[in-house]
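File shown: coords_2.txt (compact mmCIF, N, CA and C atoms and all ligand atoms).
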```
# COMPACT_ATOMS: atom_id res chain seq x y z
N MET Z 1 0.84 -1.21 0.00
CA MET Z 1 0.00 0.00 0.00
C MET Z 1 0.87 1.26 0.00
N VAL Z 2 0.59 2.08 -0.93
CA VAL Z 2 1.36 3.33 -1.01
C VAL Z 2 0.43 4.50 -0.68
N LYS Z 3 0.85 5.25 0.29
CA LYS Z 3 0.05 6.39 0.67
C LYS Z 3 0.61 7.65 0.01
N LYS Z 4 -0.25 8.32 -0.72
CA LYS Z 4 0.24 9.55 -1.37
C LYS Z 4 0.27 10.69 -0.36
N SER Z 5 1.43 11.24 -0.25
CA SER Z 5 1.54 12.34 0.70
C SER Z 5 2.37 13.48 0.12
N ASP Z 6 2.25 13.64 -1.20
CA ASP Z 6 3.04 14.72 -1.80
C ASP Z 6 2.37 16.09 -1.67
N LEU Z 7 1.11 16.07 -1.26
CA LEU Z 7 0.46 17.35 -1.03
C LEU Z 7 0.66 17.79 0.42
N PRO Z 8 1.29 18.91 0.62
CA PRO Z 8 1.46 19.39 1.98
C PRO Z 8 0.12 19.80 2.59
N GLU Z 9 -0.06 19.46 3.82
CA GLU Z 9 -1.32 19.82 4.45
C GLU Z 9 -1.31 21.29 4.84
N VAL Z 10 -2.21 22.02 4.21
CA VAL Z 10 -2.31 23.44 4.52
C VAL Z 10 -3.57 23.68 5.33
N GLU Z 11 -3.39 24.28 6.47
CA GLU Z 11 -4.56 24.58 7.29
C GLU Z 11 -5.32 25.72 6.65
N LYS Z 12 -6.61 25.50 6.46
CA LYS Z 12 -7.40 26.54 5.80
C LYS Z 12 -8.43 27.12 6.75
N VAL Z 13 -8.68 28.38 6.54
CA VAL Z 13 -9.70 29.08 7.32
C VAL Z 13 -10.61 29.78 6.33
N SER Z 14 -11.81 30.13 6.77
CA SER Z 14 -12.68 30.87 5.88
C SER Z 14 -12.79 32.31 6.34
N CYS Z 15 -12.81 33.18 5.34
CA CYS Z 15 -12.90 34.60 5.60
C CYS Z 15 -14.19 34.93 6.35
N ASP Z 16 -14.09 35.75 7.37
CA ASP Z 16 -15.26 36.08 8.17
C ASP Z 16 -16.26 36.97 7.43
N VAL Z 17 -15.84 37.55 6.33
CA VAL Z 17 -16.74 38.45 5.60
C VAL Z 17 -17.33 37.77 4.37
N CYS Z 18 -16.50 37.22 3.52
CA CYS Z 18 -17.01 36.64 2.27
C CYS Z 18 -17.01 35.12 2.27
N ARG Z 19 -16.54 34.49 3.36
CA ARG Z 19 -16.56 33.03 3.52
C ARG Z 19 -15.66 32.29 2.54
N LYS Z 20 -14.79 33.00 1.89
CA LYS Z 20 -13.86 32.35 0.98
C LYS Z 20 -12.81 31.59 1.77
N GLU Z 21 -12.43 30.42 1.27
CA GLU Z 21 -11.41 29.64 1.97
C GLU Z 21 -10.02 30.10 1.57
N ILE Z 22 -9.20 30.30 2.57
CA ILE Z 22 -7.84 30.78 2.33
C ILE Z 22 -6.89 30.02 3.24
N PRO Z 23 -5.66 29.86 2.82
CA PRO Z 23 -4.67 29.24 3.70
C PRO Z 23 -4.42 30.13 4.92
N LEU Z 24 -4.26 29.48 6.05
CA LEU Z 24 -4.07 30.23 7.29
C LEU Z 24 -2.88 31.18 7.20
N SER Z 25 -1.86 30.76 6.47
CA SER Z 25 -0.66 31.59 6.36
C SER Z 25 -0.90 32.88 5.58
N GLU Z 26 -1.98 32.89 4.79
CA GLU Z 26 -2.26 34.09 4.00
C GLU Z 26 -3.38 34.92 4.60
N ALA Z 27 -3.95 34.44 5.68
CA ALA Z 27 -5.08 35.15 6.26
C ALA Z 27 -4.63 36.42 6.98
N VAL Z 28 -5.49 37.42 6.92
CA VAL Z 28 -5.27 38.64 7.66
C VAL Z 28 -5.96 38.48 9.02
N ILE Z 29 -5.19 38.57 10.08
CA ILE Z 29 -5.74 38.36 11.42
C ILE Z 29 -5.56 39.63 12.25
N PRO Z 30 -6.68 40.28 12.60
CA PRO Z 30 -6.57 41.50 13.40
C PRO Z 30 -6.08 41.19 14.80
N GLU Z 31 -5.25 42.07 15.32
CA GLU Z 31 -4.66 41.83 16.64
C GLU Z 31 -5.60 42.19 17.77
N ALA Z 32 -6.34 43.26 17.58
CA ALA Z 32 -7.16 43.76 18.68
C ALA Z 32 -8.59 43.28 18.59
N ALA Z 33 -8.79 41.98 18.44
CA ALA Z 33 -10.14 41.45 18.36
C ALA Z 33 -10.44 40.63 19.60
N ASP Z 34 -11.70 40.63 19.98
CA ASP Z 34 -12.13 39.85 21.15
C ASP Z 34 -12.10 38.36 20.83
N TYR Z 35 -12.24 38.04 19.56
CA TYR Z 35 -12.18 36.64 19.13
C TYR Z 35 -11.30 36.56 17.90
N VAL Z 36 -10.93 35.37 17.53
CA VAL Z 36 -10.05 35.22 16.38
C VAL Z 36 -10.85 35.29 15.09
N ALA Z 37 -10.50 36.23 14.26
CA ALA Z 37 -11.17 36.40 12.98
C ALA Z 37 -10.13 36.31 11.87
N HIS Z 38 -10.55 35.81 10.74
CA HIS Z 38 -9.65 35.69 9.61
C HIS Z 38 -10.26 36.36 8.38
N PHE Z 39 -9.41 36.99 7.61
CA PHE Z 39 -9.89 37.65 6.40
C PHE Z 39 -8.98 37.32 5.23
N CYS Z 40 -9.59 37.24 4.03
CA CYS Z 40 -8.82 36.87 2.85
C CYS Z 40 -7.95 38.04 2.39
N GLY Z 41 -8.29 39.23 2.81
CA GLY Z 41 -7.50 40.38 2.40
C GLY Z 41 -7.87 41.60 3.20
N LEU Z 42 -7.15 42.67 2.95
CA LEU Z 42 -7.39 43.89 3.72
C LEU Z 42 -8.75 44.50 3.41
N ASP Z 43 -9.27 44.23 2.20
CA ASP Z 43 -10.59 44.76 1.85
C ASP Z 43 -11.66 44.19 2.78
N CYS Z 44 -11.60 42.88 3.00
CA CYS Z 44 -12.59 42.25 3.87
C CYS Z 44 -12.36 42.67 5.33
N TYR Z 45 -11.13 42.83 5.69
CA TYR Z 45 -10.83 43.28 7.04
C TYR Z 45 -11.43 44.67 7.29
N ALA Z 46 -11.27 45.54 6.32
CA ALA Z 46 -11.81 46.90 6.43
C ALA Z 46 -13.33 46.87 6.52
N GLU Z 47 -13.93 45.97 5.73
CA GLU Z 47 -15.39 45.82 5.74
C GLU Z 47 -15.86 45.33 7.11
N TRP Z 48 -15.16 44.36 7.66
CA TRP Z 48 -15.52 43.81 8.97
C TRP Z 48 -15.36 44.87 10.06
N LYS Z 49 -14.29 45.65 9.93
CA LYS Z 49 -14.02 46.68 10.92
C LYS Z 49 -15.13 47.73 10.92
N ARG Z 50 -15.57 48.07 9.69
CA ARG Z 50 -16.64 49.05 9.57
C ARG Z 50 -17.92 48.52 10.23
N GLN Z 51 -18.22 47.24 9.98
CA GLN Z 51 -19.43 46.66 10.56
C GLN Z 51 -19.33 46.55 12.07
N SER Z 52 -18.19 46.16 12.57
CA SER Z 52 -18.06 45.99 14.02
C SER Z 52 -18.10 47.34 14.73
N GLU Z 53 -17.61 48.37 14.07
CA GLU Z 53 -17.69 49.69 14.68
C GLU Z 53 -19.12 50.20 14.70
N LYS Z 54 -19.88 49.80 13.67
CA LYS Z 54 -21.27 50.18 13.61
C LYS Z 54 -22.06 49.51 14.75
N SER Z 55 -21.80 48.22 14.97
CA SER Z 55 -22.53 47.48 15.99
C SER Z 55 -22.09 47.87 17.40
N LYS Z 56 -20.92 48.47 17.50
CA LYS Z 56 -20.40 48.90 18.79
C LYS Z 56 -21.23 50.06 19.35
N ASN Z 57 -21.86 50.80 18.46
CA ASN Z 57 -22.64 51.95 18.88
C ASN Z 57 -23.93 51.56 19.59
N LYS Z 58 -24.34 50.29 19.43
CA LYS Z 58 -25.54 49.84 20.12
C LYS Z 58 -25.25 49.63 21.60
N PRO Z 59 -26.21 49.93 22.46
CA PRO Z 59 -25.98 49.77 23.90
C PRO Z 59 -25.90 48.30 24.32
ZN ZN O 101 -12.97 37.85 2.25
```

Can the structure in the file be given as structure tokens, please?
Ligand SMILES: [Zn+2]
Amino acid sequence: MVKKSDLPEVEKVSCDVCRKEIPLSEAVIPEAADYVAHFCGLDCYAEWKRQSEKSKNKP
């Protein structure tokens, strides 16, 4: 039996905004978050930041 293992295992996460799957090494992870969030790029990070700031205004 030969087990194929030529594909490196890449841990994947999904973007918190658009749900796109991205390798963990390429994810944008904000430092000052209450929970761990991942984004496929700075555009989604900016979008998430805008939404979280909006929801912060609620009591
Ligand atoms: Zn995204």

Could you name the residues that touch range 45-51 of chain Z at 8 Å or less, counting only N, CA and C atoms, but leaving out those on the same chain fewer than 5 positions away, as a PyMOL selection string? chain Z and resi 16-17+28-30+38-40+56

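Considering only C-alpha atoms and all ligand atoms, the residue among Z:Asp34, Z:Lys3, Z:Cys15, Z:Val10 positioned nearest to ligand ZN 101 (chain O) is Z:Cys15.
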
For ligand ZN 101 (chain O), which residue out of Z:Glu26, Z:Glu11, Z:Asp43, Z:Asp6 is the nearest one, using only N, CA and C atoms and all ligand atoms? Z:Asp43

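For the pair CA of Leu42 in chain Z and CA of Pro23 in chain Z, the interatomic distance is 14.9 Å.
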
Once DSSP has gone over the backbone, tell me which residues of chain Z are in helix (DSSP H, G or I), as a PDB file with N, CA and C atoms, keeping the file's coordinate frame.
```pdb
ATOM      1  N   LEU Z  24      -4.260  29.480   6.050  1.00  0.00           N
ATOM      2  CA  LEU Z  24      -4.070  30.230   7.290  1.00  0.00           C
ATOM      3  C   LEU Z  24      -2.880  31.180   7.200  1.00  0.00           C
ATOM      4  N   SER Z  25      -1.860  30.760   6.470  1.00  0.00           N
ATOM      5  CA  SER Z  25      -0.660  31.590   6.360  1.00  0.00           C
ATOM      6  C   SER Z  25      -0.900  32.880   5.580  1.00  0.00           C
ATOM      7  N   GLU Z  26      -1.980  32.890   4.790  1.00  0.00           N
ATOM      8  CA  GLU Z  26      -2.260  34.090   4.000  1.00  0.00           C
ATOM      9  C   GLU Z  26      -3.380  34.920   4.600  1.00  0.00           C
ATOM     10  N   LEU Z  42      -7.150  42.670   2.950  1.00  0.00           N
ATOM     11  CA  LEU Z  42      -7.390  43.890   3.720  1.00  0.00           C
ATOM     12  C   LEU Z  42      -8.750  44.500   3.410  1.00  0.00           C
ATOM     13  N   ASP Z  43      -9.270  44.230   2.200  1.00  0.00           N
ATOM     14  CA  ASP Z  43     -10.590  44.760   1.850  1.00  0.00           C
ATOM     15  C   ASP Z  43     -11.660  44.190   2.780  1.00  0.00           C
ATOM     16  N   CYS Z  44     -11.600  42.880   3.000  1.00  0.00           N
ATOM     17  CA  CYS Z  44     -12.590  42.250   3.870  1.00  0.00           C
ATOM     18  C   CYS Z  44     -12.360  42.670   5.330  1.00  0.00           C
ATOM     19  N   TYR Z  45     -11.130  42.830   5.690  1.00  0.00           N
ATOM     20  CA  TYR Z  45     -10.830  43.280   7.040  1.00  0.00           C
ATOM     21  C   TYR Z  45     -11.430  44.670   7.290  1.00  0.00           C
ATOM     22  N   ALA Z  46     -11.270  45.540   6.320  1.00  0.00           N
ATOM     23  CA  ALA Z  46     -11.810  46.900   6.430  1.00  0.00           C
ATOM     24  C   ALA Z  46     -13.330  46.870   6.520  1.00  0.00           C
ATOM     25  N   GLU Z  47     -13.930  45.970   5.730  1.00  0.00           N
ATOM     26  CA  GLU Z  47     -15.390  45.820   5.740  1.00  0.00           C
ATOM     27  C   GLU Z  47     -15.860  45.330   7.110  1.00  0.00           C
ATOM     28  N   TRP Z  48     -15.160  44.360   7.660  1.00  0.00           N
ATOM     29  CA  TRP Z  48     -15.520  43.810   8.970  1.00  0.00           C
ATOM     30  C   TRP Z  48     -15.360  44.870  10.060  1.00  0.00           C
ATOM     31  N   LYS Z  49     -14.290  45.650   9.930  1.00  0.00           N
ATOM     32  CA  LYS Z  49     -14.020  46.680  10.920  1.00  0.00           C
ATOM     33  C   LYS Z  49     -15.130  47.730  10.920  1.00  0.00           C
ATOM     34  N   ARG Z  50     -15.570  48.070   9.690  1.00  0.00           N
ATOM     35  CA  ARG Z  50     -16.640  49.050   9.570  1.00  0.00           C
ATOM     36  C   ARG Z  50     -17.920  48.520  10.230  1.00  0.00           C
ATOM     37  N   GLN Z  51     -18.220  47.240   9.980  1.00  0.00           N
ATOM     38  CA  GLN Z  51     -19.430  46.660  10.560  1.00  0.00           C
ATOM     39  C   GLN Z  51     -19.330  46.550  12.070  1.00  0.00           C
ATOM     40  N   SER Z  52     -18.190  46.160  12.570  1.00  0.00           N
ATOM     41  CA  SER Z  52     -18.060  45.990  14.020  1.00  0.00           C
ATOM     42  C   SER Z  52     -18.100  47.340  14.730  1.00  0.00           C
ATOM     43  N   GLU Z  53     -17.610  48.370  14.070  1.00  0.00           N
ATOM     44  CA  GLU Z  53     -17.690  49.690  14.680  1.00  0.00           C
ATOM     45  C   GLU Z  53     -19.120  50.200  14.700  1.00  0.00           C
ATOM     46  N   LYS Z  54     -19.880  49.800  13.670  1.00  0.00           N
ATOM     47  CA  LYS Z  54     -21.270  50.180  13.610  1.00  0.00           C
ATOM     48  C   LYS Z  54     -22.060  49.510  14.750  1.00  0.00           C
ATOM     49  N   SER Z  55     -21.800  48.220  14.970  1.00  0.00           N
ATOM     50  CA  SER Z  55     -22.530  47.480  15.990  1.00  0.00           C
ATOM     51  C   SER Z  55     -22.090  47.870  17.400  1.00  0.00           C
ATOM     52  N   LYS Z  56     -20.920  48.470  17.500  1.00  0.00           N
ATOM     53  CA  LYS Z  56     -20.400  48.900  18.790  1.00  0.00           C
ATOM     54  C   LYS Z  56     -21.230  50.060  19.350  1.00  0.00           C
TER      55      LYS Z  56
END
```

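If you measure from each of Z:Glu31, Z:Glu53, Z:Glu21, Z:Glu9 to ligand ZN 101 (chain O) using all atoms listed in the file, the closest one turns out to be Z:Glu21.
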
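Taking atom C of Leu24 in chain Z and atom C of Ala37 in chain Z as the two end points, the separation is 10.0 Å.
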
Per DSSP on the backbone, filter chain Z down to the residues in strand (DSSP E) and report them as a VMD selection string. chain Z and resid 12 to 14 21 to 23

Kindly list the centre and edge lengths in Å, rounded to one decimal, for the axis-aligned box that covers all listed atoms of range 32-50 of chain Z plus 4 Å on each of its six sides, as lines of an AutoDock Vina configuration file.
```
center_x = -12.1
center_y = 42.1
center_z = 11.5
size_x = 19.6
size_y = 21.8
size_z = 27.3
```

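Residue nearest ligand ZN 101 (chain O) within the list Z:Ser55, Z:Val36, Z:Ser25, Z:Ser14: Z:Ser14 [criterion: smallest interatomic distance, only C-alpha atoms and all ligand atoms].
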